[in-house]
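Pasted below: protein_20.cif, mmCIF, C-alpha atoms.
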data_structure
#
loop_
_atom_site.label_atom_id
_atom_site.label_comp_id
_atom_site.auth_asym_id
_atom_site.auth_seq_id
_atom_site.Cartn_x
_atom_site.Cartn_y
_atom_site.Cartn_z
CA MET O 1 -44.99 -33.79 -38.69
CA LYS O 2 -44.66 -33.21 -34.94
CA ASN O 3 -41.25 -34.91 -34.95
CA ILE O 4 -40.11 -32.71 -37.83
CA LEU O 5 -41.29 -29.62 -35.97
CA LYS O 6 -39.52 -30.75 -32.80
CA THR O 7 -36.32 -31.44 -34.71
CA THR O 8 -36.51 -28.04 -36.42
CA ALA O 9 -37.17 -26.30 -33.11
CA LEU O 10 -34.23 -28.08 -31.47
CA ALA O 11 -31.91 -27.20 -34.33
CA LEU O 12 -33.04 -23.58 -34.16
CA ALA O 13 -32.48 -23.47 -30.40
CA LEU O 14 -29.01 -24.96 -30.75
CA GLY O 15 -28.22 -22.49 -33.52
CA ILE O 16 -29.30 -19.55 -31.37
CA ALA O 17 -27.26 -20.88 -28.43
CA SER O 18 -24.20 -21.28 -30.65
CA LEU O 19 -24.65 -17.79 -32.04
CA ALA O 20 -24.97 -16.37 -28.52
CA ALA O 21 -21.80 -18.18 -27.46
CA ALA O 22 -19.96 -16.91 -30.51
CA ASN O 23 -21.07 -13.35 -29.80
CA ALA O 24 -20.34 -13.54 -26.07
CA GLU O 25 -18.15 -10.74 -24.74
CA PRO O 26 -14.61 -11.89 -23.87
CA VAL O 27 -13.59 -11.97 -20.22
CA LYS O 28 -11.16 -9.08 -19.85
CA VAL O 29 -8.33 -10.09 -17.52
CA GLY O 30 -6.44 -7.10 -16.19
CA PHE O 31 -2.68 -7.09 -15.63
CA SER O 32 -0.02 -4.44 -15.17
CA PRO O 33 2.12 -4.17 -18.33
CA GLU O 34 5.46 -4.35 -16.57
CA ALA O 35 8.24 -6.91 -16.50
CA TYR O 36 7.66 -9.21 -13.52
CA PRO O 37 9.55 -12.39 -14.41
CA PRO O 38 8.92 -15.25 -14.32
CA PHE O 39 5.23 -14.33 -14.04
CA TYR O 40 4.91 -11.70 -16.79
CA SER O 41 7.47 -10.78 -19.44
CA ALA O 42 7.14 -9.27 -22.91
CA ASP O 43 9.04 -10.97 -25.73
CA ALA O 44 10.69 -9.18 -28.67
CA SER O 45 7.36 -8.92 -30.49
CA GLY O 46 5.60 -7.45 -27.46
CA LYS O 47 3.68 -10.64 -26.68
CA TRP O 48 3.26 -11.33 -22.97
CA THR O 49 4.64 -14.63 -21.71
CA GLY O 50 5.45 -16.21 -18.35
CA TRP O 51 4.13 -18.59 -15.72
CA GLU O 52 1.13 -16.48 -14.75
CA VAL O 53 0.24 -15.76 -18.39
CA GLU O 54 0.14 -19.51 -19.06
CA ILE O 55 -1.89 -20.15 -15.90
CA VAL O 56 -4.40 -17.47 -16.96
CA HIS O 57 -4.82 -19.14 -20.35
CA ALA O 58 -5.14 -22.58 -18.71
CA ILE O 59 -7.83 -21.36 -16.30
CA CYS O 60 -9.72 -19.65 -19.12
CA ALA O 61 -9.53 -22.74 -21.35
CA GLU O 62 -10.75 -24.99 -18.52
CA ALA O 63 -13.62 -22.61 -17.73
CA LYS O 64 -14.38 -22.27 -21.46
CA PHE O 65 -13.88 -18.51 -21.37
CA GLU O 66 -12.58 -16.43 -24.22
CA CYS O 67 -10.11 -14.34 -22.24
CA GLU O 68 -8.47 -11.10 -23.31
CA LEU O 69 -5.38 -9.88 -21.45
CA THR O 70 -5.97 -6.19 -20.80
CA PRO O 71 -3.06 -3.93 -19.73
CA ILE O 72 -3.81 -1.53 -16.86
CA PRO O 73 -1.26 0.26 -14.60
CA TRP O 74 -0.94 -1.62 -11.30
CA ASP O 75 -2.56 1.01 -9.07
CA GLY O 76 -5.47 1.30 -11.52
CA LEU O 77 -6.36 -2.41 -11.59
CA ILE O 78 -8.91 -2.42 -8.77
CA PRO O 79 -10.60 0.82 -9.95
CA ALA O 80 -10.75 -0.66 -13.48
CA LEU O 81 -12.42 -3.79 -12.07
CA THR O 82 -15.02 -1.94 -10.00
CA THR O 83 -15.90 0.35 -12.93
CA LYS O 84 -16.26 -2.69 -15.23
CA LYS O 85 -13.43 -1.81 -17.59
CA ILE O 86 -12.11 -5.31 -16.87
CA ASP O 87 -13.77 -8.45 -15.51
CA ALA O 88 -10.98 -9.99 -13.44
CA ILE O 89 -7.46 -9.32 -12.17
CA MET O 90 -4.82 -12.04 -12.48
CA ASN O 91 -1.54 -10.30 -11.75
CA SER O 92 0.08 -11.78 -8.63
CA MET O 93 -2.41 -9.86 -6.48
CA SER O 94 -2.42 -11.14 -2.90
CA ILE O 95 -5.74 -11.93 -1.22
CA THR O 96 -6.00 -9.49 1.70
CA GLU O 97 -8.76 -8.33 4.02
CA GLU O 98 -8.14 -4.72 3.01
CA ARG O 99 -8.68 -5.49 -0.69
CA LYS O 100 -11.71 -7.66 0.15
CA LYS O 101 -13.44 -4.55 1.43
CA THR O 102 -13.68 -3.46 -2.22
CA ILE O 103 -13.47 -6.63 -4.35
CA ASP O 104 -13.71 -10.39 -3.96
CA PHE O 105 -11.17 -13.09 -4.79
CA SER O 106 -11.10 -16.58 -6.17
CA ASP O 107 -9.31 -19.35 -4.33
CA LYS O 108 -5.53 -18.93 -4.37
CA TYR O 109 -3.53 -20.18 -7.33
CA TYR O 110 -0.08 -19.69 -5.76
CA ASN O 111 1.62 -18.60 -2.56
CA THR O 112 5.29 -17.86 -1.88
CA PRO O 113 7.25 -16.12 0.92
CA THR O 114 8.07 -12.42 1.01
CA ALA O 115 11.78 -11.60 0.73
CA ILE O 116 14.25 -8.81 1.41
CA VAL O 117 17.15 -8.30 -1.01
CA GLY O 118 20.13 -5.97 -0.56
CA PRO O 119 23.73 -5.33 -1.63
CA LYS O 120 26.20 -8.22 -1.40
CA SER O 121 28.65 -5.87 0.29
CA GLU O 122 26.38 -5.48 3.34
CA LYS O 123 25.38 -8.12 5.87
CA PHE O 124 21.93 -7.73 7.43
CA GLY O 125 18.71 -9.67 7.82
CA ALA O 126 15.00 -9.14 7.21
CA THR O 127 13.80 -7.98 10.64
CA PRO O 128 12.78 -4.43 11.58
CA ALA O 129 15.98 -4.13 13.66
CA ASP O 130 18.10 -5.22 10.69
CA LEU O 131 16.52 -2.60 8.44
CA LYS O 132 16.62 0.31 10.89
CA GLY O 133 18.06 3.41 9.24
CA LYS O 134 17.97 1.94 5.72
CA ILE O 135 16.15 3.14 2.60
CA ILE O 136 13.74 0.38 1.56
CA GLY O 137 12.21 0.30 -1.92
CA VAL O 138 8.74 -1.19 -2.48
CA GLN O 139 6.18 -1.12 -5.27
CA VAL O 140 3.31 1.30 -4.68
CA SER O 141 -0.15 -0.02 -3.72
CA THR O 142 1.15 -3.51 -2.91
CA THR O 143 1.08 -5.70 0.18
CA HIS O 144 4.82 -5.08 0.41
CA SER O 145 4.28 -1.34 0.68
CA ALA O 146 1.68 -1.88 3.43
CA TYR O 147 3.96 -4.32 5.26
CA ALA O 148 6.97 -2.01 5.14
CA LYS O 149 4.91 0.90 6.46
CA LYS O 150 3.70 -1.24 9.37
CA TYR O 151 6.94 -2.94 10.38
CA PHE O 152 9.81 -0.84 9.05
CA THR O 153 8.76 2.55 10.41
CA GLU O 154 12.23 3.11 11.84
CA ALA O 155 13.79 2.88 8.40
CA ALA O 156 15.39 6.09 7.16
CA GLU O 157 12.88 6.07 4.30
CA ILE O 158 10.35 3.81 2.63
CA LYS O 159 10.55 4.69 -1.05
CA GLU O 160 7.69 3.70 -3.36
CA TYR O 161 8.01 2.88 -7.06
CA GLN O 162 5.48 2.38 -9.82
CA THR O 163 7.07 -0.96 -10.73
CA GLN O 164 9.24 -3.51 -8.94
CA ASP O 165 11.74 -3.30 -11.78
CA GLU O 166 12.35 0.38 -10.94
CA ALA O 167 13.05 -0.57 -7.32
CA ASN O 168 15.45 -3.28 -8.47
CA GLN O 169 17.26 -0.79 -10.74
CA ASP O 170 17.70 1.69 -7.90
CA LEU O 171 18.97 -1.07 -5.63
CA ALA O 172 21.54 -2.13 -8.22
CA ALA O 173 22.58 1.52 -8.64
CA GLY O 174 23.04 1.96 -4.88
CA ARG O 175 20.26 4.53 -4.50
CA ILE O 176 18.41 2.39 -1.94
CA ASP O 177 19.62 -0.15 0.62
CA ALA O 178 17.05 -2.92 0.20
CA THR O 179 13.85 -3.93 -1.52
CA GLN O 180 10.96 -6.15 -0.46
CA ALA O 181 8.86 -8.23 -2.85
CA ASP O 182 7.66 -11.73 -3.64
CA SER O 183 10.55 -14.16 -3.21
CA ILE O 184 10.16 -15.74 -6.67
CA ALA O 185 10.12 -12.40 -8.47
CA LEU O 186 13.23 -11.32 -6.54
CA ASP O 187 14.87 -14.67 -7.24
CA ALA O 188 14.49 -13.94 -10.96
CA PHE O 189 16.20 -10.57 -10.41
CA LEU O 190 19.04 -12.20 -8.44
CA LYS O 191 19.60 -14.66 -11.28
CA SER O 192 19.88 -11.86 -13.84
CA GLU O 193 23.30 -10.50 -14.80
CA GLN O 194 22.62 -7.26 -12.97
CA GLY O 195 21.24 -8.99 -9.87
CA MET O 196 24.12 -11.46 -9.62
CA ALA O 197 26.59 -8.60 -9.78
CA CYS O 198 25.07 -6.46 -7.05
CA CYS O 199 22.83 -8.19 -4.64
CA ASP O 200 21.79 -11.19 -2.56
CA LEU O 201 18.91 -12.50 -0.46
CA LYS O 202 18.88 -11.15 3.09
CA GLY O 203 15.99 -13.28 4.32
CA HIS O 204 12.21 -13.67 4.46
CA VAL O 205 10.01 -11.34 6.50
CA ALA O 206 7.82 -12.61 9.33
CA GLU O 207 4.32 -13.67 8.24
CA ASP O 208 1.35 -11.33 8.64
CA LEU O 209 -1.77 -12.88 7.11
CA GLU O 210 -3.76 -9.68 7.56
CA ILE O 211 -1.39 -7.76 5.28
CA LEU O 212 0.31 -10.41 3.12
CA GLY O 213 -2.72 -12.69 2.88
CA PRO O 214 -2.95 -16.47 2.32
CA GLY O 215 -1.81 -16.34 -1.29
CA VAL O 216 -2.56 -14.94 -4.74
CA GLY O 217 -6.02 -15.16 -6.29
CA ALA O 218 -8.05 -13.75 -9.16
CA GLY O 219 -9.73 -10.49 -8.22
CA VAL O 220 -13.41 -10.25 -9.20
CA ARG O 221 -16.32 -7.94 -8.45
CA LYS O 222 -18.30 -8.91 -5.34
CA GLU O 223 -21.47 -9.43 -7.35
CA ASP O 224 -19.83 -11.69 -9.96
CA THR O 225 -20.36 -14.90 -7.98
CA GLU O 226 -20.84 -17.07 -11.08
CA LEU O 227 -17.53 -15.91 -12.56
CA LYS O 228 -15.79 -16.56 -9.23
CA GLU O 229 -17.25 -20.08 -9.01
CA LYS O 230 -16.13 -20.91 -12.55
CA ILE O 231 -12.60 -19.65 -11.87
CA ASN O 232 -12.46 -21.66 -8.63
CA ALA O 233 -13.61 -24.80 -10.43
CA ALA O 234 -11.00 -24.22 -13.17
CA ILE O 235 -8.17 -23.73 -10.64
CA LYS O 236 -9.18 -26.97 -8.92
CA ALA O 237 -9.41 -28.80 -12.25
CA ILE O 238 -5.98 -27.79 -13.58
CA ARG O 239 -4.44 -28.74 -10.24
CA ALA O 240 -6.10 -32.16 -10.50
CA ASN O 241 -5.53 -32.91 -14.19
CA GLY O 242 -1.81 -32.07 -14.21
CA LYS O 243 -1.96 -28.91 -16.32
CA TYR O 244 -0.85 -26.71 -13.39
CA ASP O 245 2.18 -28.93 -12.75
CA GLU O 246 2.98 -29.09 -16.47
CA ILE O 247 3.20 -25.29 -16.65
CA THR O 248 4.97 -24.89 -13.30
CA LYS O 249 7.77 -27.34 -14.18
CA LYS O 250 8.73 -25.11 -17.10
CA TYR O 251 9.57 -22.28 -14.70
CA PHE O 252 10.25 -23.76 -11.24
CA ASP O 253 11.69 -26.89 -9.71
CA PHE O 254 9.12 -26.85 -6.87
CA ASP O 255 5.35 -26.48 -6.44
CA ILE O 256 4.60 -22.80 -5.84
CA TYR O 257 0.99 -23.50 -4.84
CA GLY O 258 2.02 -23.59 -1.17
CA SER O 259 0.42 -25.39 1.72
#

Kindly transcribe the structure held in the file into C-alpha cells.
Amino acid sequence: MKNILKTTALALALGIASLAAANAEPVKVGFSPEAYPPFYSADASGKWTGWEVEIVHAICAEAKFECELTPIPWDGLIPALTTKKIDAIMNSMSITEERKKTIDFSDKYYNTPTAIVGPKSEKFGATPADLKGKIIGVQVSTTHSAYAKKYFTEAAEIKEYQTQDEANQDLAAGRIDATQADSIALDAFLKSEQGMACCDLKGHVAEDLEILGPGVGAGVRKEDTELKEKINAAIKAIRANGKYDEITKKYFDFDIYGS
C-alpha cells in the first residue's frame, strides 16, 4: 500500500511539474525589426531569418527555453528590458561599460571589427584626420554613434539614423560621405547591388574597449542571474558541440566569435 501511495505521489508530482513547464511563460527575446543582414532579415512572408536569428534559436534550444522573438525599435530595447516587456536582448548589442550601468550581459557570442565605408570615387581612411570635414552617418543609440562623437568631432556633421539601412541608403545617394558600423553588416551592404555600385571599405577604426566593448552579448536585467547563467552555459555548449560552427558556416567563411 505504501509503495502504491509513493508511486501515485511521484506520478502526481511529475504531472504537476510537467504542467508547470507547459504553462511556463516564454522567454521574450527583443530585437529591432530592421534589415541587418546577415544577422537579421525578413523573408517574403515576414519571417525573420539570419545568422543571429539561428543563434538565438540554438541558445534557446540548448537552454531548454521556449523563446519568442519580440520586435522593439532599437532605441527602445533597453527600456523594454528594464520595464519587463522583454526578458533578454539578442540583437548585435555590444557589451559596454555604459550599458552595464543599466543592464547586465551574458558572455559574448561574437565579436568583429568596426568599419568605415565611403564612396568609391573618394580615397580616404578611417582615422579622425581622414574624416575631418566629412558628414558621417551612424545609427542612433549605438556604440558607433558614441565612438563617432568621441573621435570624429572635427567632422562637418555626425548624422544619426534610426536604422543602419537608412544610413546606407543616404551614403549610396551621396547625402553623406561615410558611415560607420559593424564590419560584417557593412560587408553585406558592400556585396549588395547598390553597395557594389557606390561604395567600398575605407578601413577599420582604432579599438576602444570602453566604447566598442569586447564583443556582442545577450542583454539581461541585473537581477536575472539565473537566466544569465543559463544563457552563458548554452553559448559555451553550442560552441563546444559544433552547433555554433554549423550555423556560422552557412553565412561566413571564418569564425566570427573572435579571440

- request: Expand the PyMOL selection byres ((chain O and resi 178) around 6) into the individual residues it matches in the shown file, reporting them as a PyMOL selection string.
  value: chain O and resi 117-118+136+176-177+179

message: When you count only C-alpha atoms, which of these residues is closest to Glu160 (chain O): O:Gly195, O:Thr225, O:Ala44, O:Gln139?
response: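 The shortest atom-to-atom distance to Glu160 (chain O) comes from O:Gln139.
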
- prompt: Excluding same-chain residues fewer than 4 positions from Trp48 (chain O), what lies within 12 Å of it counting all atoms listed in the file, as a PyMOL selection string?
  reply: chain O and resi 31-44+52-54+56-57+68-71

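Using all atoms listed in the file, the contacts of Thr248 (chain O) at a cut-off of 12 Å, with sequence neighbours closer than 6 positions omitted, comprise Pro38, Phe39, Gly50, Trp51, Glu52, Val53, Glu54, Ile55, Ala58, Tyr109, Tyr110, Ile238, Arg239, Gly242, Phe254, Asp255, Ile256 and Tyr257 of chain O.
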
Dump of C-alpha atoms for the selected residues, as a PDB file, in the coordinates of the input:
ATOM      1  CA  PRO O  38       8.920 -15.250 -14.320  1.00  0.00           C
ATOM      2  CA  PHE O  39       5.230 -14.330 -14.040  1.00  0.00           C
ATOM      3  CA  GLY O  50       5.450 -16.210 -18.350  1.00  0.00           C
ATOM      4  CA  TRP O  51       4.130 -18.590 -15.720  1.00  0.00           C
ATOM      5  CA  GLU O  52       1.130 -16.480 -14.750  1.00  0.00           C
ATOM      6  CA  VAL O  53       0.240 -15.760 -18.390  1.00  0.00           C
ATOM      7  CA  GLU O  54       0.140 -19.510 -19.060  1.00  0.00           C
ATOM      8  CA  ILE O  55      -1.890 -20.150 -15.900  1.00  0.00           C
ATOM      9  CA  ALA O  58      -5.140 -22.580 -18.710  1.00  0.00           C
ATOM     10  CA  TYR O 109      -3.530 -20.180  -7.330  1.00  0.00           C
ATOM     11  CA  TYR O 110      -0.080 -19.690  -5.760  1.00  0.00           C
ATOM     12  CA  ILE O 238      -5.980 -27.790 -13.580  1.00  0.00           C
ATOM     13  CA  ARG O 239      -4.440 -28.740 -10.240  1.00  0.00           C
ATOM     14  CA  GLY O 242      -1.810 -32.070 -14.210  1.00  0.00           C
ATOM     15  CA  PHE O 254       9.120 -26.850  -6.870  1.00  0.00           C
ATOM     16  CA  ASP O 255       5.350 -26.480  -6.440  1.00  0.00           C
ATOM     17  CA  ILE O 256       4.600 -22.800  -5.840  1.00  0.00           C
ATOM     18  CA  TYR O 257       0.990 -23.500  -4.840  1.00  0.00           C
TER      19      TYR O 257
END

- request: Name the residues within 12 Å of (8.1, 1.4, -5.4), counting only C-alpha atoms in the file's coordinates, and put them as a PyMOL selection string.
  value: chain O and resi 74-75+135-146+148+157-171+176+178-181

Could those residues be written to a file, using C-alpha atoms, as an mmCIF file, in the coordinates of the input?
data_model
loop_
_atom_site.group_PDB
_atom_site.id
_atom_site.type_symbol
_atom_site.label_atom_id
_atom_site.label_comp_id
_atom_site.auth_asym_id
_atom_site.auth_seq_id
_atom_site.Cartn_x
_atom_site.Cartn_y
_atom_site.Cartn_z
ATOM 1 C CA TRP O 74 -0.940 -1.620 -11.300
ATOM 2 C CA ASP O 75 -2.560 1.010 -9.070
ATOM 3 C CA ILE O 135 16.150 3.140 2.600
ATOM 4 C CA ILE O 136 13.740 0.380 1.560
ATOM 5 C CA GLY O 137 12.210 0.300 -1.920
ATOM 6 C CA VAL O 138 8.740 -1.190 -2.480
ATOM 7 C CA GLN O 139 6.180 -1.120 -5.270
ATOM 8 C CA VAL O 140 3.310 1.300 -4.680
ATOM 9 C CA SER O 141 -0.150 -0.020 -3.720
ATOM 10 C CA THR O 142 1.150 -3.510 -2.910
ATOM 11 C CA THR O 143 1.080 -5.700 0.180
ATOM 12 C CA HIS O 144 4.820 -5.080 0.410
ATOM 13 C CA SER O 145 4.280 -1.340 0.680
ATOM 14 C CA ALA O 146 1.680 -1.880 3.430
ATOM 15 C CA ALA O 148 6.970 -2.010 5.140
ATOM 16 C CA GLU O 157 12.880 6.070 4.300
ATOM 17 C CA ILE O 158 10.350 3.810 2.630
ATOM 18 C CA LYS O 159 10.550 4.690 -1.050
ATOM 19 C CA GLU O 160 7.690 3.700 -3.360
ATOM 20 C CA TYR O 161 8.010 2.880 -7.060
ATOM 21 C CA GLN O 162 5.480 2.380 -9.820
ATOM 22 C CA THR O 163 7.070 -0.960 -10.730
ATOM 23 C CA GLN O 164 9.240 -3.510 -8.940
ATOM 24 C CA ASP O 165 11.740 -3.300 -11.780
ATOM 25 C CA GLU O 166 12.350 0.380 -10.940
ATOM 26 C CA ALA O 167 13.050 -0.570 -7.320
ATOM 27 C CA ASN O 168 15.450 -3.280 -8.470
ATOM 28 C CA GLN O 169 17.260 -0.790 -10.740
ATOM 29 C CA ASP O 170 17.700 1.690 -7.900
ATOM 30 C CA LEU O 171 18.970 -1.070 -5.630
ATOM 31 C CA ILE O 176 18.410 2.390 -1.940
ATOM 32 C CA ALA O 178 17.050 -2.920 0.200
ATOM 33 C CA THR O 179 13.850 -3.930 -1.520
ATOM 34 C CA GLN O 180 10.960 -6.150 -0.460
ATOM 35 C CA ALA O 181 8.860 -8.230 -2.850
#

statement: As a check of understanding: the span from CA of Ala234 (chain O) to CA of Lys64 (chain O) is 9.2 Å

- request: Report as a list in words the residues that result from applying the PyMOL selection byres ((chain O and resi 98-101) around 10) to the structure here.
  value: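 Residues picked by the PyMOL selection byres ((chain O and resi 98-101) around 10): Ile78, Met93, Ser94, Ile95, Thr96, Glu97, Thr102, Ile103, Asp104, Phe105, Thr143, Glu210, Ile211, Gly213, Gly219, Val220, Arg221 and Lys222 of chain O.
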
task: Kindly give the distance, in Å, that separates CA of Lys47 (chain O) and CA of Ile72 (chain O), rounded to a single decimal.
output: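 Distance between the two atoms: 15.3 Å.
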
- request: Carefully work through the PyMOL selection byres ((chain O and resi 134) around 6) for this structure and note down the residues it includes, as JSON, numbers by chain.
  value: {"O": [131, 132, 133, 135, 155, 156, 177]}

field: Counting only C-alpha atoms, the option among O:Ala63, O:Val29, O:Ser192, O:Lys120 closest to Ala80 (chain O)
entry: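 Using only C-alpha atoms, the shortest distance to Ala80 (chain O) belongs to O:Val29.
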
- request: Kindly give the distance, in Å, that separates CA of Asn91 (chain O) and CA of Ala173 (chain O), rounded to a single decimal.
  value: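 So the answer is 27.0 Å.
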
message: Measuring between only C-alpha atoms, which one of O:Leu201, O:Ala185, O:Ala218, O:Ala88 shows the shortest distance to Tyr251 (chain O)?
response: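 Once distances to Tyr251 (chain O) are computed over only C-alpha atoms, the minimum belongs to O:Ala185.
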
- prompt: When distances are computed from all atoms listed in the file, which of O:Leu77, O:Met90, O:Leu186, O:Val27 shows the smallest separation from Gly217 (chain O)?
  reply: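 Comparing O:Leu77, O:Met90, O:Leu186, O:Val27 against Gly217 (chain O), the winner is O:Met90.
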
- request: Write out as an MDAnalysis selection string the residues lying within 8 Å of Gly203 (chain O), counting only C-alpha atoms and excluding same-chain residues fewer than 4 positions away.
  value: chainID O and resid 115:117 125:126

Of the listed residues O:Ala206, O:Ala172, O:Ala240, O:Cys60, that which approaches Pro128 (chain O) most closely, counting all atoms listed in the file: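 That would be O:Ala206, the residue with the smallest distance to Pro128 (chain O).
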